[in-house]
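Trainee: Below you'll find query28.cif; it's mmCIF, C-alpha atoms.
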data_final
#
loop_
_atom_site.label_atom_id
_atom_site.label_comp_id
_atom_site.auth_asym_id
_atom_site.auth_seq_id
_atom_site.Cartn_x
_atom_site.Cartn_y
_atom_site.Cartn_z
CA MET F 1026 -15.56 2.21 -27.42
CA ASN F 1027 -13.05 5.02 -27.36
CA GLU F 1028 -14.39 6.21 -30.71
CA GLU F 1029 -17.41 7.62 -28.90
CA LEU F 1030 -15.18 10.30 -27.47
CA PRO F 1031 -14.42 13.24 -29.69
CA PRO F 1032 -10.71 13.82 -30.22
CA ILE F 1033 -9.06 15.89 -27.58
CA SER F 1034 -8.27 19.41 -28.79
CA ASP F 1035 -4.78 20.00 -30.13
CA ASP F 1036 -4.05 22.69 -27.56
CA LEU F 1037 -5.04 20.50 -24.68
CA ALA F 1038 -3.21 17.48 -26.06
CA ALA F 1039 -0.06 19.56 -26.45
CA LEU F 1040 -0.36 20.91 -22.93
CA LEU F 1041 -0.85 17.44 -21.44
CA SER F 1042 2.11 16.02 -23.29
CA LYS F 1043 4.27 18.89 -22.16
CA ALA F 1044 3.25 18.81 -18.50
CA ALA F 1045 5.64 17.18 -16.09
CA PRO F 1046 4.28 14.08 -14.37
CA VAL F 1047 3.22 14.42 -10.76
CA VAL F 1048 5.68 12.61 -8.53
CA PRO F 1049 5.68 12.19 -4.79
CA PRO F 1050 8.41 13.96 -2.87
CA LYS F 1051 11.51 12.02 -1.90
CA GLY F 1052 10.89 9.72 1.01
CA PHE F 1053 7.13 9.78 0.58
CA ALA F 1054 6.81 6.11 -0.31
CA GLU F 1055 8.81 5.07 2.74
CA GLN F 1056 6.84 7.34 5.00
CA ALA F 1057 3.48 6.05 3.84
CA TRP F 1058 4.74 2.46 3.90
CA SER F 1059 5.98 2.67 7.47
CA LYS F 1060 2.49 3.56 8.65
CA LEU F 1061 0.72 0.68 6.94
CA ASP F 1062 -0.93 -2.05 8.91
CA LEU F 1063 0.20 -5.22 7.19
CA ALA F 1064 -1.65 -7.65 9.40
CA PRO F 1065 -3.96 -9.03 6.71
CA LEU F 1066 -1.04 -9.73 4.42
CA ALA F 1067 0.97 -11.14 7.28
CA ALA F 1068 -1.81 -13.65 7.78
CA SER F 1069 -1.55 -14.66 4.13
CA ALA F 1070 2.21 -14.91 4.40
CA ALA F 1071 1.80 -17.04 7.50
CA ALA F 1072 -0.20 -19.53 5.48
CA THR F 1073 2.64 -19.83 3.00
CA VAL F 1074 5.21 -20.20 5.75
CA THR F 1075 3.13 -22.92 7.33
CA GLY F 1076 2.90 -24.85 4.09
CA ALA F 1077 6.62 -24.58 3.51
CA SER F 1078 7.34 -25.74 7.03
CA VAL F 1079 5.17 -28.74 6.52
CA ALA F 1080 7.14 -29.53 3.40
CA LYS F 1081 10.35 -29.61 5.39
CA GLY F 1082 9.04 -32.50 7.41
CA LEU F 1083 8.15 -34.67 4.45
CA THR F 1084 10.05 -36.52 1.80
CA GLY F 1085 9.50 -37.81 -1.70
CA ALA F 1086 5.93 -37.76 -2.82
CA LYS F 1087 4.96 -36.30 0.50
CA LEU F 1088 7.20 -33.37 -0.21
CA LEU F 1089 5.54 -32.93 -3.56
CA LEU F 1090 2.16 -32.94 -1.91
CA ALA F 1091 3.14 -30.44 0.69
CA GLY F 1092 4.81 -28.30 -1.92
CA THR F 1093 1.63 -28.28 -3.93
CA VAL F 1094 -0.31 -27.20 -0.90
CA ALA F 1095 2.17 -24.48 -0.15
CA VAL F 1096 2.02 -23.15 -3.68
CA ALA F 1097 -1.75 -23.25 -3.68
CA ILE F 1098 -1.88 -21.36 -0.44
CA GLY F 1099 0.69 -18.92 -1.65
CA ALA F 1100 -1.31 -18.20 -4.75
CA GLY F 1101 -4.47 -17.86 -2.71
CA GLY F 1102 -2.80 -15.64 -0.16
CA GLY F 1103 -1.35 -13.50 -2.85
CA VAL F 1104 1.38 -11.62 -1.05
CA ALA F 1105 2.19 -9.27 -3.84
CA LEU F 1106 3.75 -6.48 -1.88
CA ASP F 1107 7.41 -6.29 -2.72
CA ARG F 1108 8.58 -6.85 0.79
CA THR F 1109 9.86 -9.80 2.72
CA VAL F 1110 9.67 -8.65 6.29
CA LEU F 1111 6.18 -9.61 7.23
CA ARG F 1112 5.99 -10.82 10.77
CA PRO F 1113 5.79 -14.55 11.51
CA PRO F 1114 2.38 -15.89 12.45
CA PRO F 1115 1.54 -15.84 16.13
CA GLN F 1116 0.41 -19.45 16.21
CA VAL F 1117 1.66 -22.22 14.00
CA VAL F 1118 1.97 -25.75 15.32
CA VAL F 1119 3.80 -27.27 12.41
CA LYS F 1120 5.48 -30.33 13.93
CA GLU F 1121 2.34 -31.68 15.45
CA VAL F 1122 0.51 -31.32 12.20
CA VAL F 1123 3.26 -33.05 10.25
CA LYS F 1124 3.25 -36.01 12.58
CA GLU F 1125 -0.37 -36.58 11.82
CA VAL F 1126 -0.19 -36.41 8.06
CA ARG F 1127 -0.33 -39.93 6.72
CA VAL F 1128 0.25 -40.33 3.05
CA GLU F 1129 -0.13 -43.35 0.89
CA VAL F 1130 1.93 -42.87 -2.19
CA PRO F 1131 1.45 -42.48 -5.07
CA VAL F 1132 -2.25 -42.63 -6.00
CA PRO F 1133 -3.43 -39.14 -6.95
CA VAL F 1134 -6.90 -38.50 -5.67
CA GLU F 1135 -8.60 -35.83 -3.66
CA VAL F 1136 -7.41 -35.06 -0.18
CA LYS F 1137 -7.40 -32.20 2.23
CA VAL F 1138 -4.21 -31.57 4.10
CA PRO F 1139 -4.71 -30.07 7.53
CA VAL F 1140 -2.73 -26.92 7.20
CA PRO F 1141 -4.07 -24.36 9.64
CA VAL F 1142 -4.87 -21.34 7.54
CA PRO F 1143 -7.69 -18.83 7.84
CA GLU F 1144 -9.05 -19.58 4.41
CA PRO F 1145 -9.18 -23.05 2.87
CA ALA F 1146 -6.62 -23.78 0.20
CA ARG F 1147 -7.71 -24.51 -3.32
CA PRO F 1148 -8.54 -28.17 -3.88
CA VAL F 1149 -5.45 -30.32 -4.24
CA THR F 1150 -5.80 -32.36 -7.39
CA HIS F 1151 -2.61 -34.43 -7.32
CA ALA F 1152 -2.78 -35.63 -3.80
CA PRO F 1153 -2.43 -39.12 -2.43
CA LYS F 1154 -5.32 -41.33 -1.52
CA HIS F 1155 -6.05 -40.86 2.09
CA VAL F 1156 -4.94 -38.62 4.88
CA GLU F 1157 -6.32 -38.77 8.35
CA PRO F 1158 -7.03 -35.54 10.10
CA PRO F 1159 -4.83 -34.53 13.00
CA LYS F 1160 -5.47 -36.31 16.25
CA ALA F 1161 -7.28 -34.50 18.97
CA GLU F 1162 -4.34 -34.62 21.39
CA VAL F 1163 -2.52 -31.96 19.45
CA PRO F 1164 -2.88 -28.87 21.58
CA ALA F 1165 -5.00 -26.28 19.89
CA PRO F 1166 -3.15 -23.11 19.03
CA PRO F 1167 -4.17 -20.04 20.97
CA PRO F 1168 -6.92 -18.10 19.28
CA PRO F 1169 -5.64 -15.44 16.96
CA PRO F 1170 -6.00 -11.86 18.15
CA THR F 1171 -9.25 -10.27 17.18
CA PRO F 1172 -9.17 -7.39 14.72
CA ALA F 1173 -9.98 -5.04 17.60
CA GLU F 1174 -7.01 -6.35 19.59
CA LEU F 1175 -4.76 -6.01 16.59
CA ASP F 1176 -5.96 -2.46 16.04
CA ALA F 1177 -5.39 -1.55 19.65
CA GLN F 1178 -1.89 -2.97 19.61
CA LEU F 1179 -1.05 -1.23 16.39
CA ARG F 1180 -2.27 2.06 17.80
CA GLU F 1181 -0.02 1.62 20.82
CA GLU F 1182 2.91 0.76 18.62
CA ARG F 1183 2.31 3.76 16.43
CA ALA F 1184 1.96 6.06 19.40
CA LEU F 1185 5.29 4.94 20.84
CA LEU F 1186 7.07 5.39 17.54
CA GLU F 1187 5.46 8.77 16.97
CA VAL F 1188 6.77 9.96 20.31
CA ALA F 1189 10.21 8.59 19.46
CA ARG F 1190 10.14 10.20 16.04
CA THR F 1191 9.09 13.54 17.46
CA ALA F 1192 11.79 13.38 20.10
CA LEU F 1193 14.32 12.61 17.43
CA SER F 1194 13.24 15.56 15.32
CA ARG F 1195 13.68 17.78 18.38
CA ASP F 1196 17.19 16.50 19.02
CA LYS F 1197 16.08 14.61 22.10
CA ALA F 1198 17.74 11.40 21.06
CA ALA F 1199 17.90 10.00 24.59
CA ASP F 1200 14.12 10.27 24.89
CA ALA F 1201 13.76 8.67 21.49
CA VAL F 1202 15.96 5.75 22.50
CA ALA F 1203 13.98 5.29 25.70
CA LYS F 1204 10.72 5.08 23.76
CA LEU F 1205 12.21 2.74 21.21
CA GLU F 1206 13.50 0.49 23.97
CA GLU F 1207 10.04 0.49 25.48
CA HIS F 1208 8.64 -0.57 22.12
CA GLN F 1209 11.28 -3.30 21.95
CA ARG F 1210 10.26 -4.60 25.36
CA ARG F 1211 6.53 -4.52 24.75
CA PHE F 1212 6.39 -5.41 21.09
CA ALA F 1213 9.61 -7.23 20.30
CA ASN F 1214 8.08 -8.71 17.15
CA GLY F 1215 5.47 -6.04 16.69
CA ARG F 1216 4.20 -4.97 13.35
CA LEU F 1217 6.28 -1.83 13.45
CA ALA F 1218 9.45 -3.57 14.60
CA GLU F 1219 11.14 -2.80 11.32
CA GLU F 1220 10.51 0.90 11.60
CA ARG F 1221 11.54 0.85 15.25
CA ASP F 1222 14.86 -0.76 14.43
CA ALA F 1223 15.53 1.79 11.72
CA LEU F 1224 14.72 4.64 14.06
CA MET F 1225 16.95 3.14 16.72
CA VAL F 1226 19.93 3.28 14.38
CA ASN F 1227 19.29 6.94 13.78
CA ALA F 1228 18.70 7.73 17.45
CA LEU F 1229 21.84 5.95 18.63
CA ASP F 1230 23.91 7.79 16.08
CA LYS F 1231 22.47 11.13 17.14
CA LEU F 1232 23.24 10.26 20.71
CA GLY F 1233 26.89 9.79 19.79
CA ARG F 1234 26.76 6.01 20.23
CA HIS F 1235 28.16 5.52 16.76
CA ASP F 1236 29.51 1.99 17.23
CA GLU F 1237 26.17 0.76 18.49
CA ALA F 1238 24.43 2.53 15.64
CA LYS F 1239 26.71 0.80 13.16
CA ALA F 1240 26.10 -2.58 14.73
CA LYS F 1241 22.35 -2.01 14.73
CA ALA F 1242 22.51 -0.88 11.12
CA ARG F 1243 24.28 -4.08 10.14
CA GLU F 1244 21.73 -6.16 12.03
CA PHE F 1245 18.91 -4.27 10.38
CA LEU F 1246 20.26 -4.80 6.89
CA GLN F 1247 20.76 -8.49 7.54
CA ARG F 1248 17.30 -8.87 8.92
CA TYR F 1249 15.50 -6.66 6.39
CA PRO F 1250 17.65 -6.68 3.26
CA GLU F 1251 14.73 -5.63 1.07
CA SER F 1252 13.39 -2.98 3.39
CA LEU F 1253 12.33 0.32 1.98
CA LEU F 1254 14.15 1.85 4.92
CA ALA F 1255 17.41 0.10 4.02
CA PRO F 1256 18.86 3.01 2.02
CA GLN F 1257 18.63 5.40 4.94
CA VAL F 1258 19.98 2.81 7.37
CA LYS F 1259 22.96 2.08 5.11
CA ARG F 1260 24.24 5.57 5.74
CA PHE F 1261 25.07 4.61 9.29
CA GLN F 1262 27.08 1.49 8.48
CA MET T 1366 2.35 -3.68 -5.88
CA TYR T 1367 2.99 -0.91 -3.39
CA ARG T 1368 6.17 0.26 -5.05
CA GLN T 1369 4.59 0.17 -8.47
CA GLU T 1370 1.42 1.97 -7.55
CA VAL T 1371 2.19 4.40 -4.76
CA SER T 1372 3.20 7.13 -7.19
CA SER T 1373 0.02 6.66 -9.20
CA VAL T 1374 -2.15 6.86 -6.12
CA TYR T 1375 -0.31 9.94 -4.94
CA ALA T 1376 -0.63 11.61 -8.35
CA PHE T 1377 -4.32 10.79 -8.60
CA LEU T 1378 -5.08 12.22 -5.17
CA TYR T 1379 -2.99 15.26 -5.92
CA ARG T 1380 -4.76 15.77 -9.24
CA LEU T 1381 -8.07 15.57 -7.41
CA GLY T 1382 -7.00 18.52 -5.34
CA ALA T 1383 -6.07 16.90 -2.05
CA PRO T 1384 -3.78 19.25 -0.14
CA LYS T 1385 -0.19 18.19 0.24
CA ALA T 1386 -0.49 17.96 4.00
CA GLU T 1387 -3.26 15.39 3.60
CA LEU T 1388 -1.61 13.30 0.92
CA PRO T 1389 0.39 10.99 3.21
CA ASP T 1390 -2.68 10.14 5.27
CA LEU T 1391 -4.94 9.74 2.26
CA THR T 1392 -2.40 7.54 0.48
CA HIS T 1393 -2.06 5.55 3.65
CA ASP T 1394 -5.83 5.11 3.81
CA VAL T 1395 -5.94 3.88 0.23
CA PHE T 1396 -3.34 1.18 0.80
CA THR T 1397 -4.76 0.21 4.17
CA LEU T 1398 -8.11 -0.43 2.50
CA ALA T 1399 -6.39 -2.21 -0.38
CA ILE T 1400 -4.53 -4.50 2.00
CA GLY T 1401 -7.75 -5.27 3.81
CA LYS T 1402 -9.48 -6.16 0.56
CA TRP T 1403 -6.51 -7.86 -1.06
CA ASN T 1404 -7.66 -11.42 -0.42
CA SER T 1405 -10.96 -10.76 -2.11
CA PHE T 1406 -9.42 -9.00 -5.09
CA ASP T 1407 -9.55 -10.94 -8.34
CA ARG T 1408 -5.88 -11.07 -9.25
CA ALA T 1409 -6.66 -11.88 -12.84
CA ARG T 1410 -7.65 -8.24 -13.17
CA PRO T 1411 -5.27 -5.30 -13.35
CA VAL T 1412 -4.46 -3.73 -10.02
CA ARG T 1413 -4.43 -0.08 -10.96
CA PRO T 1414 -8.11 0.43 -11.80
CA TRP T 1415 -9.07 -1.37 -8.61
CA LEU T 1416 -6.69 0.74 -6.59
CA MET T 1417 -7.89 3.92 -8.25
CA GLY T 1418 -11.45 3.00 -7.36
CA ILE T 1419 -10.40 2.79 -3.74
CA ALA T 1420 -8.54 6.08 -4.05
CA TRP T 1421 -11.60 7.73 -5.57
CA ARG T 1422 -13.76 6.62 -2.66
CA VAL T 1423 -11.17 7.74 -0.13
CA ALA T 1424 -10.92 11.15 -1.79
CA SER T 1425 -14.70 11.48 -1.99
CA GLU T 1426 -15.10 10.66 1.68
CA TRP T 1427 -12.39 13.11 2.57
CA ARG T 1428 -14.13 15.88 0.67
CA ALA T 1429 -17.47 14.99 2.18
CA LYS T 1430 -16.04 15.31 5.68
CA LYS T 1431 -14.47 18.69 5.03
CA LYS T 1432 -16.49 21.81 5.45
CA PRO T 1433 -17.37 23.08 1.97
CA GLU T 1434 -15.86 26.48 2.65
CA LEU T 1435 -12.60 24.87 3.69
CA VAL T 1436 -12.37 22.91 0.47
CA GLU T 1437 -13.10 26.02 -1.55
CA GLU T 1438 -10.43 27.91 0.29
CA LEU T 1439 -7.69 25.45 -0.46
CA PRO T 1440 -4.76 27.42 -1.81
CA GLU T 1441 -3.35 26.75 -5.22
CA GLN T 1442 -0.73 24.12 -4.73
CA GLU T 1443 2.73 24.18 -6.06
CA ALA T 1444 3.35 21.59 -8.70
CA GLU T 1445 4.84 18.28 -7.62
CA ALA T 1446 7.28 17.51 -10.39
CA GLY T 1447 10.48 15.55 -10.32
CA PRO T 1448 13.76 17.40 -9.84
CA ASP T 1449 14.66 16.87 -13.49
CA ALA T 1450 11.51 18.44 -14.86
CA SER T 1451 12.10 21.56 -16.92
CA LEU T 1452 10.60 24.87 -15.97
CA GLU T 1453 8.32 24.66 -18.98
CA ALA T 1454 7.13 21.21 -17.96
CA LYS T 1455 6.46 22.41 -14.43
CA ASP T 1456 4.54 25.41 -15.74
CA ALA T 1457 2.47 23.14 -17.95
CA GLN T 1458 1.76 20.85 -15.05
CA ARG T 1459 0.70 23.79 -12.90
CA LEU T 1460 -1.58 25.04 -15.65
CA VAL T 1461 -3.21 21.63 -15.99
CA GLN T 1462 -3.71 21.50 -12.25
CA ARG T 1463 -5.31 24.93 -12.17
CA GLY T 1464 -7.55 23.99 -15.07
CA LEU T 1465 -8.58 20.77 -13.35
CA SER T 1466 -9.57 22.71 -10.28
CA LYS T 1467 -12.33 24.35 -12.35
CA LEU T 1468 -14.01 21.02 -13.04
CA ASP T 1469 -16.43 19.32 -10.74
CA GLU T 1470 -15.18 16.29 -8.87
CA THR T 1471 -16.59 13.55 -11.03
CA LYS T 1472 -15.47 15.06 -14.32
CA ARG T 1473 -12.10 15.83 -12.86
CA ALA T 1474 -11.60 12.28 -11.60
CA ALA T 1475 -12.76 10.73 -14.85
CA PHE T 1476 -10.44 12.96 -16.85
CA VAL T 1477 -7.44 12.26 -14.63
CA LEU T 1478 -7.99 8.53 -14.67
CA HIS T 1479 -8.47 8.31 -18.41
CA GLU T 1480 -6.18 11.00 -19.80
CA LEU T 1481 -3.43 11.11 -17.21
CA GLN T 1482 -3.47 7.69 -15.59
CA GLY T 1483 -4.12 5.76 -18.77
CA LEU T 1484 -7.19 3.81 -17.69
CA SER T 1485 -9.64 2.73 -20.37
CA VAL T 1486 -13.13 4.20 -20.29
CA ASN T 1487 -14.45 0.88 -19.02
CA GLU T 1488 -11.90 0.86 -16.25
CA VAL T 1489 -12.78 4.42 -15.30
CA ALA T 1490 -16.44 3.46 -15.15
CA ASP T 1491 -15.58 0.51 -12.90
CA ALA T 1492 -13.30 2.55 -10.68
CA MET T 1493 -15.89 5.26 -10.19
CA ALA T 1494 -18.79 2.80 -9.99
CA ALA T 1495 -20.54 4.76 -12.72
CA PRO T 1496 -22.44 3.63 -15.82
CA LEU T 1497 -20.38 3.53 -18.98
CA GLN T 1498 -22.44 6.17 -20.78
CA THR T 1499 -22.19 8.50 -17.80
CA THR T 1500 -18.45 8.07 -17.87
CA TYR T 1501 -18.32 8.94 -21.56
CA SER T 1502 -20.41 12.02 -20.90
CA ARG T 1503 -18.15 13.08 -18.07
CA LEU T 1504 -15.07 12.63 -20.18
CA ARG T 1505 -16.50 14.59 -23.09
CA ALA T 1506 -17.57 17.41 -20.81
CA ALA T 1507 -14.27 17.35 -18.92
CA ARG T 1508 -12.25 17.71 -22.11
CA GLU T 1509 -14.31 20.64 -23.27
CA GLU T 1510 -14.42 22.38 -19.91
CA LEU T 1511 -10.74 21.89 -19.25
CA ALA T 1512 -9.81 23.32 -22.64
CA VAL T 1513 -11.96 26.38 -21.92
CA ALA T 1514 -10.59 26.73 -18.39
CA VAL T 1515 -7.00 26.56 -19.58
CA ARG T 1516 -7.61 29.19 -22.24
CA ARG T 1517 -9.21 31.48 -19.67
CA ILE T 1518 -6.30 31.02 -17.29
CA GLN T 1519 -3.84 31.75 -20.05
CA ARG T 1520 -5.73 34.94 -20.89
CA GLY T 1521 -5.67 35.94 -17.25
CA GLU T 1522 -9.42 35.66 -16.89
CA ALA T 1523 -9.41 33.03 -14.18
#
Would you encode the structure as structure tokens?
Mentor:
Amino acid sequence: MNEELPPISDDLAALLSKAAPVVPPKGFAEQAWSKLDLAPLAASAAATVTGASVAKGLTGAKLLLAGTVAVAIGAGGGVALDRTVLRPPPQVVVKEVVKEVRVEVPVPVEVKVPVPVPEPARPVTHAPKHVEPPKAEVPAPPPPPTPAELDAQLREERALLEVARTALSRDKAADAVAKLEEHQRRFANGRLAEERDALMVNALDKLGRHDEAKAKAREFLQRYPESLLAPQVKRFQ
Amino acid sequence: MYRQEVSSVYAFLYRLGAPKAELPDLTHDVFTLAIGKWNSFDRARPVRPWLMGIAWRVASEWRAKKKPELVEELPEQEAEAGPDASLEAKDAQRLVQRGLSKLDETKRAAFVLHELQGLSVNEVADAMAAPLQTTYSRLRAAREELAVAVRRIQRGEA
């Protein structure tokens, strides 16, 4: 269909080929990333984690079944962001679920495995014959936070980190550390925990607590080896 | 996905004339929306056109919220080129940007997506939620108008 367009003029073509590409300034990607709310993807990742955990509790054909489920969920969840530090799900009762999965091997027919995910997995085609649903005595997981609750928490997290970041930029490292510690207390596994930990390294170093900064940097890099913030944290090792 | 596409989103928004100060927030908005819609995105399709469609809507909403006079008063922005870009390449980029600023929004977006971001005409039409023929018309007009605008700038008439 491109033939419906007249050819671009030589002058314009030459200008476009000569023009430098537009590139974001250094650090832009990290800055924009640190402000993202990854909750929806975390939920998808949680589904994958749950499936994998179920697999750990099974053997043989059961393992194959659970693996299939995990892969199906993973494909459905589609965590394509190149990052491995999504927070764990707030409620996953894996052991109880595993206990209730009964598998008769190896007849492949339809079955639904009770993996607690927000969206149903794709149909499992190579599954054993019959699986009973979980028994009622398994305590129900607490209800997941509503989107409004998640938003409110994220806003609070962001506000704390913004104050810390501002304090840091004004050479008030002690204030920054205090805010970061507050974030640690209130949102130990919050969605911005990764950014908090990176800021803490920086703040401690500015405060002259170099050994602590180094230790925190090492912890950070162990915990978030693929983090976009890793390069800046490495400087403090 | 983020690492691969963040530069494209940034460049698209910049080419549409978003001020530098707004680019982090606008880029953030694009990816926030993308993350929210990710589970409903058909992953058999390429990501970039889908993402550019989101970016187009974010940019359109941003412009709609701004007072018209404020948008008109936006200063000419310095080119955002990599540190290795030659002076000539930066000048060319600046000239393209100035020329683009003479186009209306829809022609400008269609041109950027097709000529600079490499989307097919069909993908541009999808991204901008516009009929295919309209997209062709916009692209034809954008090419002509940009060529004229660049010549006028080079002659010091604009």
Trainee: Using the chain letters and residue numbers of this document, give as a VMD selection string the residues selected by the PyMOL selection byres ((chain T and resi 1412) around 12).
Mentor: (chain F and resid 1105 to 1106) or (chain T and resid 1366 to 1367 1369 to 1371 1373 to 1374 1396 1399 1402 to 1403 1406 to 1411 1413 to 1419 1484 1488 1492)
Trainee: Could you tell me, as a PDB file with C-alpha atoms, in the frame of the given file, exactly which residues end up selected when the PyMOL selection byres ((chain F and resi 1042) around 12) is applied to this structure?
Mentor:
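See result-v1.pdb below for the written result:
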ATOM      1  CA  ILE F1033      -9.060  15.890 -27.580  1.00  0.00           C
ATOM      2  CA  ASP F1035      -4.780  20.000 -30.130  1.00  0.00           C
ATOM      3  CA  ASP F1036      -4.050  22.690 -27.560  1.00  0.00           C
ATOM      4  CA  LEU F1037      -5.040  20.500 -24.680  1.00  0.00           C
ATOM      5  CA  ALA F1038      -3.210  17.480 -26.060  1.00  0.00           C
ATOM      6  CA  ALA F1039      -0.060  19.560 -26.450  1.00  0.00           C
ATOM      7  CA  LEU F1040      -0.360  20.910 -22.930  1.00  0.00           C
ATOM      8  CA  LEU F1041      -0.850  17.440 -21.440  1.00  0.00           C
ATOM      9  CA  LYS F1043       4.270  18.890 -22.160  1.00  0.00           C
ATOM     10  CA  ALA F1044       3.250  18.810 -18.500  1.00  0.00           C
ATOM     11  CA  ALA F1045       5.640  17.180 -16.090  1.00  0.00           C
ATOM     12  CA  PRO F1046       4.280  14.080 -14.370  1.00  0.00           C
TER      13      PRO F1046
ATOM     14  CA  GLU T1453       8.320  24.660 -18.980  1.00  0.00           C
ATOM     15  CA  ALA T1454       7.130  21.210 -17.960  1.00  0.00           C
ATOM     16  CA  LYS T1455       6.460  22.410 -14.430  1.00  0.00           C
ATOM     17  CA  ALA T1457       2.470  23.140 -17.950  1.00  0.00           C
ATOM     18  CA  GLN T1458       1.760  20.850 -15.050  1.00  0.00           C
ATOM     19  CA  VAL T1461      -3.210  21.630 -15.990  1.00  0.00           C
ATOM     20  CA  GLU T1480      -6.180  11.000 -19.800  1.00  0.00           C
ATOM     21  CA  LEU T1481      -3.430  11.110 -17.210  1.00  0.00           C
TER      22      LEU T1481
END
Trainee: To one decimal place, how far is CA of Arg1248 (chain F) from CA of Asp1394 (chain T) in Å?
Mentor: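 We find that CA of Arg1248 (chain F) and CA of Asp1394 (chain T) lie 27.5 Å from each other.
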Trainee: Do you know which residues are at most 8 Å from Ala1242 (chain F) counting only C-alpha atoms, after dropping those on the same chain fewer than 3 positions away, and could you put them as a VMD selection string?
Mentor: chain F and resid 1223 1226 1238 to 1239 1245 to 1246 1258 to 1259 1261 to 1262
Trainee: Please expand the PyMOL selection byres ((chain T) within 7 of (chain F)) into the concrete residues it hits in this file, giving the result as a VMD selection string.
Mentor: chain T and resid 1366 to 1367 1371 to 1372 1375 to 1376 1389 1392 to 1393 1397 1400 to 1401 1404 1445 to 1447 1450 1454 to 1455 1457 to 1458 1501 1505 1508 1512
Trainee: Work out how far apart CA of Asn1214 (chain F) and CA of Leu1388 (chain T) are and give it in Å to one decimal.
Mentor: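 Computed distance, CA of Asn1214 (chain F) to CA of Leu1388 (chain T), equals 29.0 Å.
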Trainee: Within 12 Å of (-17.0, 6.2, -19.7) (coordinates as in the file), grab all the protein and nucleic acid residues, counting all atoms listed in the file, and write them out as a ChimeraX atom specification.
Mentor: /F:1026-1030 /T:1471-1472,1474-1476,1478-1480,1484-1507
Trainee: Please report the interatomic distance between CA of Leu1205 (chain F) and CA of Arg1221 (chain F) in Å with one decimal.
Mentor: 6.3 Å
Trainee: Taking into account all atoms listed in the file, which residue in the set F:Leu1193, F:Glu1219, F:Leu1175, F:Lys1231 is nearest to Pro1250 (chain F)?
Mentor: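 Closest to Pro1250 (chain F) of all the choices is F:Glu1219.
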Trainee: Choose the residue, out of T:Leu1391, T:Ala1386, T:Val1515, T:Gly1464, that has the smallest atom-to-atom separation from Arg1428 (chain T); count all atoms listed in the file.
Mentor: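 Checking each candidate against Arg1428 (chain T), we get T:Leu1391 as the closest.
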Trainee: Could you give me, as JSON, numbers by chain, the residues that have an atom at most 8 Å away from the point (-8.0, 19.9, -13.0) in the coordinates of the file, using all atoms listed in the file?
Mentor: {"T": [1380, 1381, 1382, 1461, 1462, 1463, 1464, 1465, 1466, 1467, 1468, 1473, 1477, 1511]}
Trainee: Between T:Leu1460, T:Glu1426, T:Pro1384, T:Glu1470, which one has atoms that come closest to Ala1514 (chain T), using only C-alpha atoms?
Mentor: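 Answer, going by the shortest atom-to-atom distance: T:Leu1460.
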Trainee: Go through F:Leu1224, F:Leu1229, F:Ala1199, F:Gln1178 and flag the residue nearest Ala1255 (chain F), using only C-alpha atoms for the distances.
Mentor: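 Going through F:Leu1224, F:Leu1229, F:Ala1199, F:Gln1178 one by one, the smallest distance to Ala1255 (chain F) is for F:Leu1224.
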